[in-house]
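J.: Provided below: data-v5.cif, containing mmCIF, C-alpha atoms and all ligand atoms.
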data_query
loop_
_atom_site.label_atom_id
_atom_site.label_comp_id
_atom_site.auth_asym_id
_atom_site.auth_seq_id
_atom_site.Cartn_x
_atom_site.Cartn_y
_atom_site.Cartn_z
CA MET A 243 86.48 83.14 10.79
CA SER A 244 85.32 84.70 14.07
CA ALA A 245 85.51 82.52 17.18
CA VAL A 246 82.21 81.32 18.64
CA GLN A 247 81.31 83.30 21.79
CA LEU A 248 79.08 82.44 24.72
CA ALA A 249 76.56 85.09 23.56
CA ASP A 250 76.40 83.40 20.11
CA VAL A 251 75.20 80.17 21.70
CA ALA A 252 72.22 81.96 23.25
CA LEU A 253 71.41 83.66 19.93
CA LEU A 254 71.74 80.49 17.91
CA THR A 255 69.60 78.40 20.24
CA SER A 256 66.75 80.96 20.19
CA ALA A 257 63.77 80.12 17.96
CA ASP A 258 64.90 82.79 15.46
CA GLY A 259 68.44 81.40 15.52
CA ARG A 260 67.37 77.80 14.90
CA ARG A 261 65.06 78.92 12.07
CA LEU A 262 67.78 80.98 10.45
CA LEU A 263 70.31 78.13 10.64
CA ALA A 264 67.82 75.72 9.11
CA GLU A 265 67.28 78.08 6.16
CA LEU A 266 70.91 78.57 5.18
CA LEU A 267 72.26 76.80 2.12
CA PRO A 268 75.73 75.21 2.25
CA TYR A 269 78.35 77.91 2.86
CA ASP A 270 79.93 79.48 -0.19
CA ASP A 271 82.68 82.09 0.19
CA ARG A 272 81.54 83.79 -3.02
CA THR A 273 77.99 84.44 -1.79
CA ALA A 274 78.56 84.80 1.99
CA LEU A 275 78.78 88.61 1.97
CA ALA A 276 75.61 88.98 -0.08
CA THR A 277 73.80 86.42 2.10
CA GLY A 278 74.79 88.34 5.25
CA GLU A 279 73.59 91.59 3.70
CA ARG A 280 70.26 90.04 2.66
CA LEU A 281 69.63 88.56 6.12
CA ARG A 282 70.40 91.83 7.89
CA ARG A 283 68.07 93.69 5.51
CA ALA A 284 65.39 91.10 6.30
CA GLY A 285 65.62 92.29 9.93
CA HIS A 286 67.76 89.59 11.58
CA PRO A 287 70.06 91.06 14.27
CA PRO A 288 73.60 91.54 12.86
CA ALA A 289 75.18 89.52 15.70
CA LEU A 290 72.90 86.58 14.91
CA VAL A 291 73.65 86.79 11.19
CA THR A 292 77.41 86.72 11.84
CA ALA A 293 77.08 83.82 14.29
CA ALA A 294 74.81 81.87 11.91
CA LEU A 295 77.17 82.34 8.96
CA THR A 296 80.08 81.10 11.11
CA GLN A 297 78.06 78.00 12.02
CA ASN A 298 77.11 77.53 8.39
CA ARG A 299 80.75 77.68 7.35
CA LEU A 300 81.81 75.24 10.08
CA ARG A 301 79.00 72.81 9.24
CA THR A 302 79.92 72.82 5.56
CA ARG A 303 83.56 72.13 6.46
CA VAL A 304 82.65 69.30 8.85
CA ALA A 305 80.17 67.77 6.38
CA GLN A 306 83.07 67.17 3.98
CA ARG A 307 85.10 65.42 6.67
CA TRP A 308 82.27 63.37 8.13
CA GLY A 309 80.75 62.12 4.87
CA PRO A 310 77.02 61.52 4.32
CA ALA A 311 76.45 59.28 7.39
CA GLY A 312 77.82 61.90 9.80
CA ALA A 313 76.53 64.92 7.91
CA ALA A 314 72.93 63.85 8.63
CA LEU A 315 73.57 64.81 12.28
CA LEU A 316 74.78 68.32 11.52
CA PRO A 317 71.44 70.13 11.35
CA HIS A 318 71.11 69.42 15.12
CA LEU A 319 74.60 70.52 16.06
CA LEU A 320 76.34 73.73 16.95
CA LEU A 321 80.08 73.79 16.43
CA THR A 322 83.10 75.73 17.63
CA VAL A 323 86.19 76.25 15.49
CA ASP A 324 88.29 73.87 17.65
CA GLY A 325 85.35 71.54 18.24
CA ALA A 326 84.80 71.14 14.50
CA GLU A 327 88.44 70.17 14.08
CA GLN A 328 88.68 67.85 17.06
CA ALA A 329 85.32 66.07 17.09
CA PRO A 330 85.37 62.45 15.96
CA ARG A 331 83.39 61.31 12.93
CA PRO A 332 80.02 60.13 14.26
CA THR A 333 80.57 56.69 12.69
CA VAL A 334 83.76 56.29 14.72
CA ALA A 335 82.11 57.63 17.88
CA ALA A 336 79.31 55.08 17.36
CA LEU A 337 81.84 52.25 17.04
CA ARG A 338 83.41 53.26 20.36
CA ALA A 339 80.01 53.70 21.99
CA ALA A 340 79.13 50.12 21.07
CA ARG A 341 82.14 49.02 23.15
CA PHE A 342 80.98 51.09 26.13
CA GLY A 343 77.46 49.73 25.56
CA ARG A 344 78.55 46.40 26.97
CA LEU A 345 78.67 48.01 30.41
CA GLY A 346 74.87 47.85 30.34
CA ILE A 347 72.08 50.37 29.98
CA GLY A 348 72.13 53.05 32.68
CA SER A 349 75.84 52.62 33.47
CA SER A 350 77.59 55.91 34.22
CA VAL A 351 80.48 57.30 32.22
CA ALA A 352 82.62 60.38 32.92
CA ASP A 353 83.58 62.00 29.61
CA LEU A 354 86.70 63.98 30.53
CA GLY A 355 87.09 66.76 27.98
CA CYS A 356 83.79 66.28 26.16
CA GLY A 357 84.32 68.97 23.50
CA ILE A 358 81.14 69.73 21.58
CA GLY A 359 79.75 66.40 22.74
CA ILE A 360 79.90 64.06 19.74
CA ASP A 361 81.26 61.16 21.80
CA ALA A 362 78.91 61.95 24.69
CA LEU A 363 75.91 61.81 22.33
CA ALA A 364 77.05 58.51 20.85
CA LEU A 365 77.44 57.09 24.39
CA ALA A 366 73.95 58.34 25.32
CA ASN A 367 72.61 56.67 22.17
CA VAL A 368 73.55 53.28 23.59
CA GLY A 369 71.75 54.00 26.86
CA LEU A 370 74.58 55.23 29.08
CA ASP A 371 74.39 58.13 31.54
CA ILE A 372 77.12 60.64 30.88
CA ALA A 373 78.81 63.30 33.01
CA ALA A 374 80.27 65.40 30.19
CA LEU A 375 83.01 67.74 31.43
CA ASP A 376 84.94 70.42 29.59
CA ARG A 377 87.06 73.22 30.95
CA ASP A 378 86.14 75.64 28.17
CA PRO A 379 82.83 77.41 29.00
CA VAL A 380 81.90 78.11 25.35
CA THR A 381 82.59 74.52 24.36
CA ALA A 382 80.54 73.30 27.33
CA ALA A 383 77.67 75.63 26.35
CA VAL A 384 77.78 74.29 22.79
CA ALA A 385 77.81 70.71 24.11
CA THR A 386 74.77 71.53 26.27
CA ALA A 387 72.93 72.93 23.23
CA ASN A 388 73.83 69.81 21.24
CA VAL A 389 72.62 67.51 24.00
CA GLU A 390 69.30 69.38 24.20
CA ALA A 391 68.80 69.48 20.42
CA SER A 392 69.48 65.73 20.23
CA GLY A 393 66.92 64.95 22.95
CA HIS A 394 69.48 63.50 25.37
CA SER A 395 69.15 65.93 28.30
CA ASP A 396 67.93 63.09 30.52
CA ARG A 397 71.13 61.09 29.93
CA VAL A 398 73.87 63.71 29.55
CA THR A 399 74.81 66.42 32.05
CA VAL A 400 77.37 68.90 30.81
CA THR A 401 79.52 70.81 33.31
CA SER A 402 82.30 73.27 32.64
CA ILE A 403 85.21 72.28 34.87
CA ASP A 404 88.90 71.58 34.57
CA VAL A 405 89.07 67.88 35.37
CA GLN A 406 92.66 68.13 36.57
CA GLU A 407 91.81 70.82 39.07
CA GLN A 408 88.87 69.01 40.57
CA ARG A 409 89.31 68.94 44.33
CA ASP A 410 88.73 65.55 45.88
CA PRO A 411 87.56 63.99 42.63
CA THR A 412 85.89 60.66 43.06
CA TRP A 413 86.21 59.34 39.56
CA SER A 414 85.86 55.82 40.91
CA ARG A 415 82.14 56.39 41.44
CA TYR A 416 81.64 56.14 37.67
CA ASP A 417 81.30 52.76 35.97
CA ALA A 418 83.73 53.96 33.32
CA ALA A 419 85.67 56.96 32.12
CA PHE A 420 86.46 58.17 28.63
CA ALA A 421 89.01 60.83 27.76
CA ASP A 422 89.75 62.43 24.44
CA PRO A 423 92.66 64.72 25.35
CA ALA A 424 93.25 67.91 23.37
CA ARG A 425 96.25 67.14 21.19
CA ARG A 426 96.59 70.52 19.51
CA LEU A 427 97.52 73.95 20.76
CA ASN A 428 97.03 77.03 18.57
CA GLY A 429 96.61 74.77 15.54
CA ARG A 430 99.88 72.92 16.28
CA ARG A 431 99.86 69.16 16.85
CA LEU A 432 101.29 68.20 20.25
CA THR A 433 103.35 65.08 19.74
CA ARG A 434 104.35 64.39 23.37
CA PRO A 435 101.55 62.58 25.23
CA GLU A 436 102.57 64.50 28.36
CA SER A 437 101.74 67.79 26.65
CA TRP A 438 98.19 66.66 25.80
CA SER A 439 95.41 68.06 27.94
CA PRO A 440 94.81 66.20 30.14
CA PRO A 441 98.16 64.37 29.84
CA LEU A 442 98.08 60.66 28.98
CA SER A 443 99.77 59.62 32.24
CA TRP A 444 97.13 61.54 34.25
CA VAL A 445 94.34 59.72 32.40
CA LEU A 446 95.97 56.31 32.77
CA ALA A 447 96.42 56.88 36.52
CA LEU A 448 92.67 57.43 37.06
CA PRO A 449 91.25 55.03 39.64
CA VAL A 450 88.77 53.66 37.10
CA THR A 451 88.86 50.06 35.95
CA ASN A 452 86.92 50.55 32.74
CA LEU A 453 88.78 53.23 30.85
CA GLY A 454 89.00 54.39 27.25
CA VAL A 455 91.38 57.10 26.06
CA LYS A 456 91.96 58.44 22.59
CA VAL A 457 95.61 58.66 21.57
CA ALA A 458 97.68 59.52 18.52
CA PRO A 459 97.85 56.62 16.02
CA GLY A 460 101.64 56.88 16.11
CA LEU A 461 101.80 56.53 19.92
CA ASP A 462 105.03 54.96 21.10
CA ARG A 463 103.87 51.44 21.92
CA ASP A 464 106.09 51.36 25.01
CA LEU A 465 103.57 53.79 26.52
CA VAL A 466 100.75 51.26 26.22
CA PRO A 467 100.39 49.70 29.68
CA ALA A 468 100.07 45.92 30.09
CA GLY A 469 96.46 44.76 30.12
CA THR A 470 95.41 47.43 27.63
CA GLU A 471 94.14 47.15 24.05
CA PHE A 472 95.58 49.53 21.46
CA SER A 473 92.79 49.94 18.93
CA VAL A 474 93.19 51.69 15.58
CA VAL A 475 90.33 52.62 13.27
CA SER A 476 90.42 53.65 9.62
CA ASP A 477 87.57 54.92 7.49
CA GLY A 478 87.66 54.67 3.72
CA GLY A 479 91.36 53.74 3.90
CA ALA A 480 92.47 56.69 6.06
CA VAL A 481 93.47 56.17 9.70
CA VAL A 482 91.00 58.25 11.71
CA GLU A 483 91.82 57.39 15.29
CA ALA A 484 93.53 55.25 17.87
CA ALA A 485 92.50 54.58 21.44
CA LEU A 486 93.49 52.55 24.49
CA TYR A 487 90.91 50.44 26.33
CA ARG A 488 91.15 48.56 29.59
CA GLY A 489 88.84 46.66 31.92
CA ALA A 490 85.53 45.61 30.39
CA LEU A 491 86.17 47.97 27.48
CA ARG A 492 89.09 45.87 26.33
CA ASP A 493 88.07 43.09 23.97
CA GLY A 494 88.88 39.92 25.92
CA ALA A 495 92.63 39.67 26.28
CA LEU A 496 93.51 41.56 23.11
CA SER A 497 96.46 43.91 23.01
CA ARG A 498 96.04 45.25 19.47
CA SER A 499 93.21 45.60 16.99
CA ALA A 500 92.53 47.30 13.68
CA THR A 501 89.00 48.03 12.50
CA LEU A 502 88.23 49.21 9.00
CA LEU A 503 85.13 51.28 8.45
CA PRO A 504 82.70 51.47 6.77
CA ALA A 505 82.51 47.65 6.49
CA GLY A 506 83.80 47.00 10.01
CA ALA A 507 86.40 44.34 9.05
CA ARG A 508 88.58 43.64 12.07
CA ILE A 509 91.93 41.98 12.69
CA THR A 510 93.62 41.60 16.06
CA ASP A 511 96.73 40.21 17.72
CA ALA A 512 94.73 36.98 18.22
CA ASP A 513 95.16 36.51 14.44
CA LEU A 514 98.97 36.51 14.77
CA THR A 515 100.61 33.13 14.33
CA GLU A 516 103.70 31.86 16.12
CA ALA A 517 105.64 31.91 12.88
CA ALA A 518 106.63 35.23 11.33
CA PRO A 519 105.88 35.73 7.63
CA PRO A 520 108.72 34.63 5.35
CA ILE A 521 110.93 37.20 3.65
CA ARG A 522 111.10 36.64 -0.11
CA SER A 523 111.46 38.54 -3.32
CA ILE A 524 108.48 40.11 -4.99
CA GLY A 525 105.84 37.74 -6.39
CA GLU A 526 102.98 38.12 -8.88
CA TYR A 527 101.04 40.45 -6.59
CA LEU A 528 102.01 43.24 -4.26
CA HIS A 529 99.65 44.28 -1.46
CA GLU A 530 99.54 47.42 0.63
CA PRO A 531 98.03 46.94 4.11
CA ASP A 532 95.45 49.44 5.35
CA GLY A 533 96.98 52.14 7.57
CA ALA A 534 95.08 50.86 10.63
CA VAL A 535 96.70 47.44 10.21
CA ILE A 536 100.14 49.03 9.97
CA ARG A 537 99.60 51.33 12.97
CA ALA A 538 98.30 48.42 15.05
CA GLY A 539 101.41 46.38 14.15
CA LEU A 540 99.35 43.63 12.50
CA VAL A 541 100.96 43.40 9.06
CA ALA A 542 102.29 39.91 9.93
CA ALA A 543 98.76 38.71 10.79
CA VAL A 544 97.41 39.96 7.47
CA ALA A 545 100.37 38.50 5.53
CA MET A 546 100.00 35.07 7.15
CA GLY A 547 96.24 35.21 6.59
CA VAL A 548 96.75 35.35 2.82
CA ASP A 549 99.76 32.97 2.75
CA GLY A 550 101.88 35.92 1.82
CA TRP A 551 105.39 37.09 2.57
CA LEU A 552 107.23 40.34 3.18
CA LEU A 553 109.90 41.77 0.91
CA ASP A 554 111.75 43.22 3.87
CA PRO A 555 111.07 42.63 7.59
CA ARG A 556 110.74 46.37 8.27
CA ILE A 557 108.62 47.38 5.29
CA ALA A 558 104.85 46.95 5.18
CA TYR A 559 104.43 45.46 1.71
CA VAL A 560 103.00 41.97 1.42
CA SER A 561 103.45 39.82 -1.66
CA THR A 562 101.78 36.68 -3.01
CA ASP A 563 101.82 34.67 -6.20
CA ALA A 564 98.08 34.01 -6.01
CA GLU A 565 95.38 36.64 -6.37
CA VAL A 566 93.87 37.29 -2.93
CA ALA A 567 90.82 39.17 -1.72
CA SER A 568 91.38 40.75 1.69
CA PRO A 569 89.61 43.81 3.10
CA PHE A 570 92.90 44.67 4.79
CA LEU A 571 94.92 44.94 1.58
CA ALA A 572 94.95 47.09 -1.54
CA SER A 573 96.29 44.76 -4.22
CA TYR A 574 98.36 45.41 -7.31
CA ARG A 575 99.38 43.00 -10.06
CA VAL A 576 103.12 43.21 -10.61
CA LEU A 577 104.10 43.70 -14.26
CA ASP A 578 107.80 44.43 -13.88
CA VAL A 579 110.39 44.96 -11.18
CA MET A 580 113.68 46.80 -11.69
CA PRO A 581 116.38 48.53 -9.66
CA PHE A 582 115.36 52.16 -9.23
CA SER A 583 116.82 54.50 -11.83
CA LEU A 584 114.97 57.60 -13.02
CA LYS A 585 116.31 57.28 -16.56
CA ARG A 586 115.36 53.66 -16.84
CA LEU A 587 111.90 54.17 -15.38
CA ARG A 588 111.19 57.13 -17.64
CA GLY A 589 112.22 55.10 -20.71
CA TYR A 590 110.14 52.13 -19.56
CA LEU A 591 106.99 54.20 -19.13
CA ARG A 592 107.46 55.86 -22.49
CA ILE A 593 107.89 52.53 -24.30
CA HIS A 594 104.76 51.19 -22.59
CA GLY A 595 102.63 54.23 -23.48
CA VAL A 596 102.02 55.19 -19.85
CA GLY A 597 100.55 58.67 -19.37
CA HIS A 598 99.22 58.42 -15.80
CA VAL A 599 100.85 56.98 -12.70
CA VAL A 600 99.96 56.63 -9.04
CA ILE A 601 103.19 56.60 -7.05
CA LYS A 602 103.39 54.64 -3.79
CA LYS A 603 106.43 54.36 -1.59
CA ARG A 604 107.64 52.71 1.58
CA GLY A 605 111.25 52.63 2.68
CA SER A 606 112.24 54.96 -0.16
CA ALA A 607 113.71 58.43 0.18
CA VAL A 608 112.50 59.53 -3.27
CA ASP A 609 110.41 62.72 -3.33
CA VAL A 610 107.18 61.65 -5.03
CA ASP A 611 106.29 65.08 -6.48
CA GLU A 612 109.77 65.58 -7.77
CA LEU A 613 109.74 62.10 -9.34
CA ARG A 614 106.38 62.75 -10.99
CA ARG A 615 107.76 65.93 -12.55
CA SER A 616 110.98 64.27 -13.63
CA LEU A 617 109.14 61.39 -15.31
CA ARG A 618 107.74 63.92 -17.84
CA LEU A 619 104.84 61.63 -18.75
CA GLU A 620 103.11 62.18 -22.05
CA ARG A 621 99.59 63.23 -21.10
CA THR A 622 98.23 61.87 -24.39
CA ALA A 623 99.50 58.36 -23.56
CA SER A 624 96.56 56.33 -22.31
CA GLU A 625 98.06 53.60 -20.12
CA ARG A 626 97.87 53.85 -16.32
CA ARG A 627 100.22 52.21 -13.85
CA ILE A 628 100.90 52.03 -10.14
CA ILE A 629 104.56 52.69 -9.42
CA VAL A 630 105.73 51.22 -6.13
CA LEU A 631 109.05 52.45 -4.76
CA THR A 632 110.61 50.39 -2.02
CA ARG A 633 113.82 48.64 -1.16
CA ILE A 634 115.14 45.17 -0.64
CA GLY A 635 117.76 45.42 2.07
CA VAL A 636 119.51 48.64 1.06
CA ASP A 637 118.77 48.37 -2.67
CA PRO A 638 116.04 50.67 -3.97
CA ILE A 639 113.65 48.97 -6.40
CA VAL A 640 110.61 49.97 -8.35
CA ALA A 641 107.68 47.69 -9.15
CA VAL A 642 105.41 48.68 -12.02
CA CYS A 643 101.92 47.41 -11.29
CA LEU A 644 98.29 47.43 -12.33
CA ALA A 645 95.58 48.10 -9.77
CA GLN A 646 93.36 45.17 -8.87
CA GLU A 647 89.66 45.68 -8.21
CA PRO A 648 89.23 46.64 -4.53
CA ALA A 649 88.89 43.47 -2.48
CA LEU A 650 85.40 42.73 -1.09
C1 LIG B 701 89.68 66.50 21.46
S1 LIG B 701 88.52 67.51 22.28
C2 LIG B 701 87.23 66.39 22.68
C3 LIG B 701 86.29 66.07 21.56
C4 LIG B 701 85.12 65.25 22.00
N1 LIG B 701 85.47 63.88 22.27
C5 LIG B 701 83.93 65.30 21.05
O1 LIG B 701 83.23 64.31 20.94
O2 LIG B 701 83.69 66.34 20.43
C6 LIG B 701 89.31 67.80 23.81
C7 LIG B 701 88.54 68.68 24.77
O3 LIG B 701 89.14 68.55 26.06
C8 LIG B 701 88.98 69.78 26.73
N2 LIG B 701 89.99 69.79 27.83
C9 LIG B 701 91.32 69.84 27.72
N3 LIG B 701 91.89 69.81 28.95
C10 LIG B 701 90.88 69.73 29.85
C11 LIG B 701 90.83 69.67 31.25
N4 LIG B 701 91.95 69.68 31.98
N5 LIG B 701 89.62 69.60 31.85
C12 LIG B 701 88.49 69.58 31.10
N6 LIG B 701 88.48 69.65 29.77
C13 LIG B 701 89.66 69.71 29.13
C14 LIG B 701 89.20 70.83 25.67
O4 LIG B 701 88.59 72.06 26.04
C15 LIG B 701 88.55 70.17 24.44
O5 LIG B 701 87.24 70.61 24.25
#
Would you write out, as structure tokens, the structure that this file holds?
T.:
Amino acid sequence: MSAVQLADVALLTSADGRRLLAELLPYDDRTALATGERLRRAGHPPALVTAALTQNRLRTRVAQRWGPAGAALLPHLLLTVDGAEQAPRPTVAALRAARFGRLGIGSSVADLGCGIGIDALALANVGLDIAALDRDPVTAAVATANVEASGHSDRVTVTSIDVQEQRDPTWSRYDAAFADPARRLNGRRLTRPESWSPPLSWVLALPVTNLGVKVAPGLDRDLVPAGTEFSVVSDGGAVVEAALYRGALRDGALSRSATLLPAGARITDADLTEAAPPIRSIGEYLHEPDGAVIRAGLVAAVAMGVDGWLLDPRIAYVSTDAEVASPFLASYRVLDVMPFSLKRLRGYLRIHGVGHVVIKKRGSAVDVDELRRSLRLERTASERRIIVLTRIGVDPIVAVCLAQEPAL
């Protein structure tokens, strides 16, 4: 796919460009060539046709990631290849913007590395005034187009600058700052926070009391400064982001929180009890905490909240004897537990007429794809099971389970 150029932005924001984009059906590789040919024959400039088809392809890709709630925004947005990959889901950006909204209407926020402007637009939606800054001129031009198309030009000013090279920057004049550092380079994920752009330590050193910064969900917790909330968000069961908040953006005195979209269920370190959950053998039910709960280090809070226990202090499986309904847990009814042995498991599944399995694992070195192949399930067998591979101490075990209806 060709990269988006500065000249494309001008073409795409022209009246002809906007009309053409609005006409295009969702991108389909099989018909793209013919569509391009038809549009050129209809008299559209070739450069515009190429730029519009690139946008069409990017929008179709992003629509899949954002889901219906976010996809409704896309007809107003231009995208870049990197921007499409790095932009937050609008539902997640809106959740963050609600936090910033407590600063009060008209408060000013510096958005350091604004990308194509999804966060900036969400912040403008809650009445904040945004200085949106990005070092990449094409990205900044796309952000400007997105701000204009969304009717937020009065609230958001986009400038193309490198925030680290700003001479005499007076970040403290803003009521708050938000940074979403680039964490990829040439498609590769940058794992060291110091290699992000701007680096995490640079962001944390900003002379701004009210600060939010997006980080990797697996961030080493030793890097979270005192007085900062580590917030993790999942959407539909998948962890979609983590961020640090301080000052008025921190929720009270919290240090950790997990929020589950779309329902918005939330658990925090205030839900932790003095006592740690007991360690016991597997009960009638096995529960798998949502990834946001695990990343936020709140498995103990969820376990205690359902009167549950852990099988192993280092493994995030919760167990109970009673059926529980928790938005933070996917629950399975335990049918059988046995030491892990491929031969034994294969025989068990055959005897029980199991033809379909979902394999889960924590604390197990077993290769799931390899195991699935080795189980040689009979496709005609109708029973379905959840197979949970884990360990108790050093002993690998397997629990054969049935899925419970999703809680709540
Ligand atoms: C993860 S993206 C931001 C996505 C954005 N939050 C959104 O809503 O679309 C990071 C952006 O930071 C920009 N960036 C990286 N280093 C920068 C720097 N030193 N100064 C300004 N912008 C920078 C990159 O060009 C990139 O567009």
J.: Which residues of chain A come within 10 Å of ligand LIG 701 (chain B), and what is each one's closest atom pair and distance in Å (one decimal), counting all atoms listed in the file, sorted by chain and residue number, as JSON lines?
T.:
{"residue": "A:Leu321", "atom": "CA", "partner": "B:LIG701", "partner_atom": "O2", "distance": 9.2}
{"residue": "A:Thr322", "atom": "CA", "partner": "B:LIG701", "partner_atom": "O5", "distance": 9.3}
{"residue": "A:Asp324", "atom": "CA", "partner": "B:LIG701", "partner_atom": "O5", "distance": 7.4}
{"residue": "A:Gly325", "atom": "CA", "partner": "B:LIG701", "partner_atom": "O2", "distance": 5.9}
{"residue": "A:Ala326", "atom": "CA", "partner": "B:LIG701", "partner_atom": "O2", "distance": 7.7}
{"residue": "A:Glu327", "atom": "CA", "partner": "B:LIG701", "partner_atom": "C1", "distance": 8.3}
{"residue": "A:Gln328", "atom": "CA", "partner": "B:LIG701", "partner_atom": "C1", "distance": 4.7}
{"residue": "A:Ala329", "atom": "CA", "partner": "B:LIG701", "partner_atom": "O2", "distance": 3.7}
{"residue": "A:Pro330", "atom": "CA", "partner": "B:LIG701", "partner_atom": "O1", "distance": 5.7}
{"residue": "A:Arg331", "atom": "CA", "partner": "B:LIG701", "partner_atom": "O1", "distance": 8.6}
{"residue": "A:Pro332", "atom": "CA", "partner": "B:LIG701", "partner_atom": "O1", "distance": 8.5}
{"residue": "A:Ala335", "atom": "CA", "partner": "B:LIG701", "partner_atom": "O1", "distance": 7.4}
{"residue": "A:Asp353", "atom": "CA", "partner": "B:LIG701", "partner_atom": "N1", "distance": 7.8}
{"residue": "A:Leu354", "atom": "CA", "partner": "B:LIG701", "partner_atom": "C12", "distance": 5.9}
{"residue": "A:Gly355", "atom": "CA", "partner": "B:LIG701", "partner_atom": "O3", "distance": 3.3}
{"residue": "A:Cys356", "atom": "CA", "partner": "B:LIG701", "partner_atom": "C4", "distance": 4.5}
{"residue": "A:Gly357", "atom": "CA", "partner": "B:LIG701", "partner_atom": "O5", "distance": 3.4}
{"residue": "A:Ile358", "atom": "CA", "partner": "B:LIG701", "partner_atom": "O2", "distance": 4.4}
{"residue": "A:Gly359", "atom": "CA", "partner": "B:LIG701", "partner_atom": "O1", "distance": 4.4}
{"residue": "A:Ile360", "atom": "CA", "partner": "B:LIG701", "partner_atom": "O1", "distance": 3.5}
{"residue": "A:Asp361", "atom": "CA", "partner": "B:LIG701", "partner_atom": "O1", "distance": 3.8}
{"residue": "A:Ala362", "atom": "CA", "partner": "B:LIG701", "partner_atom": "O1", "distance": 6.2}
{"residue": "A:Leu363", "atom": "CA", "partner": "B:LIG701", "partner_atom": "O1", "distance": 7.9}
{"residue": "A:Ala364", "atom": "CA", "partner": "B:LIG701", "partner_atom": "O1", "distance": 8.5}
{"residue": "A:Leu365", "atom": "CA", "partner": "B:LIG701", "partner_atom": "O1", "distance": 9.9}
{"residue": "A:Ala374", "atom": "CA", "partner": "B:LIG701", "partner_atom": "N6", "distance": 9.3}
{"residue": "A:Leu375", "atom": "CA", "partner": "B:LIG701", "partner_atom": "C12", "distance": 5.8}
{"residue": "A:Asp376", "atom": "CA", "partner": "B:LIG701", "partner_atom": "N6", "distance": 3.6}
{"residue": "A:Arg377", "atom": "CA", "partner": "B:LIG701", "partner_atom": "C12", "distance": 3.9}
{"residue": "A:Asp378", "atom": "CA", "partner": "B:LIG701", "partner_atom": "O4", "distance": 4.8}
{"residue": "A:Pro379", "atom": "CA", "partner": "B:LIG701", "partner_atom": "O4", "distance": 8.4}
{"residue": "A:Val380", "atom": "CA", "partner": "B:LIG701", "partner_atom": "O4", "distance": 9.0}
{"residue": "A:Thr381", "atom": "CA", "partner": "B:LIG701", "partner_atom": "O5", "distance": 6.1}
{"residue": "A:Ala382", "atom": "CA", "partner": "B:LIG701", "partner_atom": "O5", "distance": 7.8}
{"residue": "A:Ala385", "atom": "CA", "partner": "B:LIG701", "partner_atom": "O2", "distance": 8.2}
{"residue": "A:Thr401", "atom": "CA", "partner": "B:LIG701", "partner_atom": "C12", "distance": 9.3}
{"residue": "A:Ser402", "atom": "CA", "partner": "B:LIG701", "partner_atom": "C12", "distance": 7.4}
{"residue": "A:Ile403", "atom": "CA", "partner": "B:LIG701", "partner_atom": "C12", "distance": 5.7}
{"residue": "A:Asp404", "atom": "CA", "partner": "B:LIG701", "partner_atom": "N5", "distance": 3.4}
{"residue": "A:Val405", "atom": "CA", "partner": "B:LIG701", "partner_atom": "N5", "distance": 4.0}
{"residue": "A:Gln406", "atom": "CA", "partner": "B:LIG701", "partner_atom": "N4", "distance": 4.9}
{"residue": "A:Glu407", "atom": "CA", "partner": "B:LIG701", "partner_atom": "N4", "distance": 7.2}
{"residue": "A:Gln408", "atom": "CA", "partner": "B:LIG701", "partner_atom": "N5", "distance": 8.8}
{"residue": "A:Phe420", "atom": "CA", "partner": "B:LIG701", "partner_atom": "N1", "distance": 8.6}
{"residue": "A:Ala421", "atom": "CA", "partner": "B:LIG701", "partner_atom": "N1", "distance": 7.2}
{"residue": "A:Asp422", "atom": "CA", "partner": "B:LIG701", "partner_atom": "C2", "distance": 5.0}
{"residue": "A:Pro423", "atom": "CA", "partner": "B:LIG701", "partner_atom": "C6", "distance": 4.8}
{"residue": "A:Ala424", "atom": "CA", "partner": "B:LIG701", "partner_atom": "C6", "distance": 4.0}
{"residue": "A:Arg425", "atom": "CA", "partner": "B:LIG701", "partner_atom": "C1", "distance": 6.6}
{"residue": "A:Arg426", "atom": "CA", "partner": "B:LIG701", "partner_atom": "C1", "distance": 8.2}
{"residue": "A:Trp438", "atom": "CA", "partner": "B:LIG701", "partner_atom": "N3", "distance": 7.7}
{"residue": "A:Ser439", "atom": "CA", "partner": "B:LIG701", "partner_atom": "N3", "distance": 4.1}
{"residue": "A:Pro440", "atom": "CA", "partner": "B:LIG701", "partner_atom": "N3", "distance": 4.8}
{"residue": "A:Pro441", "atom": "CA", "partner": "B:LIG701", "partner_atom": "N3", "distance": 8.3}
{"residue": "A:Trp444", "atom": "CA", "partner": "B:LIG701", "partner_atom": "N4", "distance": 9.9}
{"residue": "A:Val455", "atom": "CA", "partner": "B:LIG701", "partner_atom": "N1", "distance": 9.8}
{"residue": "A:Lys456", "atom": "CA", "partner": "B:LIG701", "partner_atom": "C1", "distance": 8.5}
{"residue": "A:Val457", "atom": "CA", "partner": "B:LIG701", "partner_atom": "C1", "distance": 9.8}
J.: Take the point (73.9, 77.1, 17.4) as written in the file and pick out every residue within 10 Å of it, counting all atoms listed in the file; give the list as a list in words.
T.: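 Using all atoms listed in the file, the matching residues come out as Val246, Asp250, Val251, Ala252, Leu253, Leu254, Thr255, Ser256, Gly259, Arg260, Leu263, Leu290, Ala293, Ala294, Thr296, Gln297, Asn298, Pro317, His318, Leu319, Leu320, Leu321, Thr322, Ala383, Val384, Ala387, Asn388 and Ala391 of chain A.
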J.: Pick out the residues sitting within 10 Å of Thr412 (chain A), and hand them over as an MDAnalysis selection string; count all atoms listed in the file, and ignore anything fewer than 2 positions along from it in its own chain.
T.: chainID A and resid 408:410 414:416 448:450
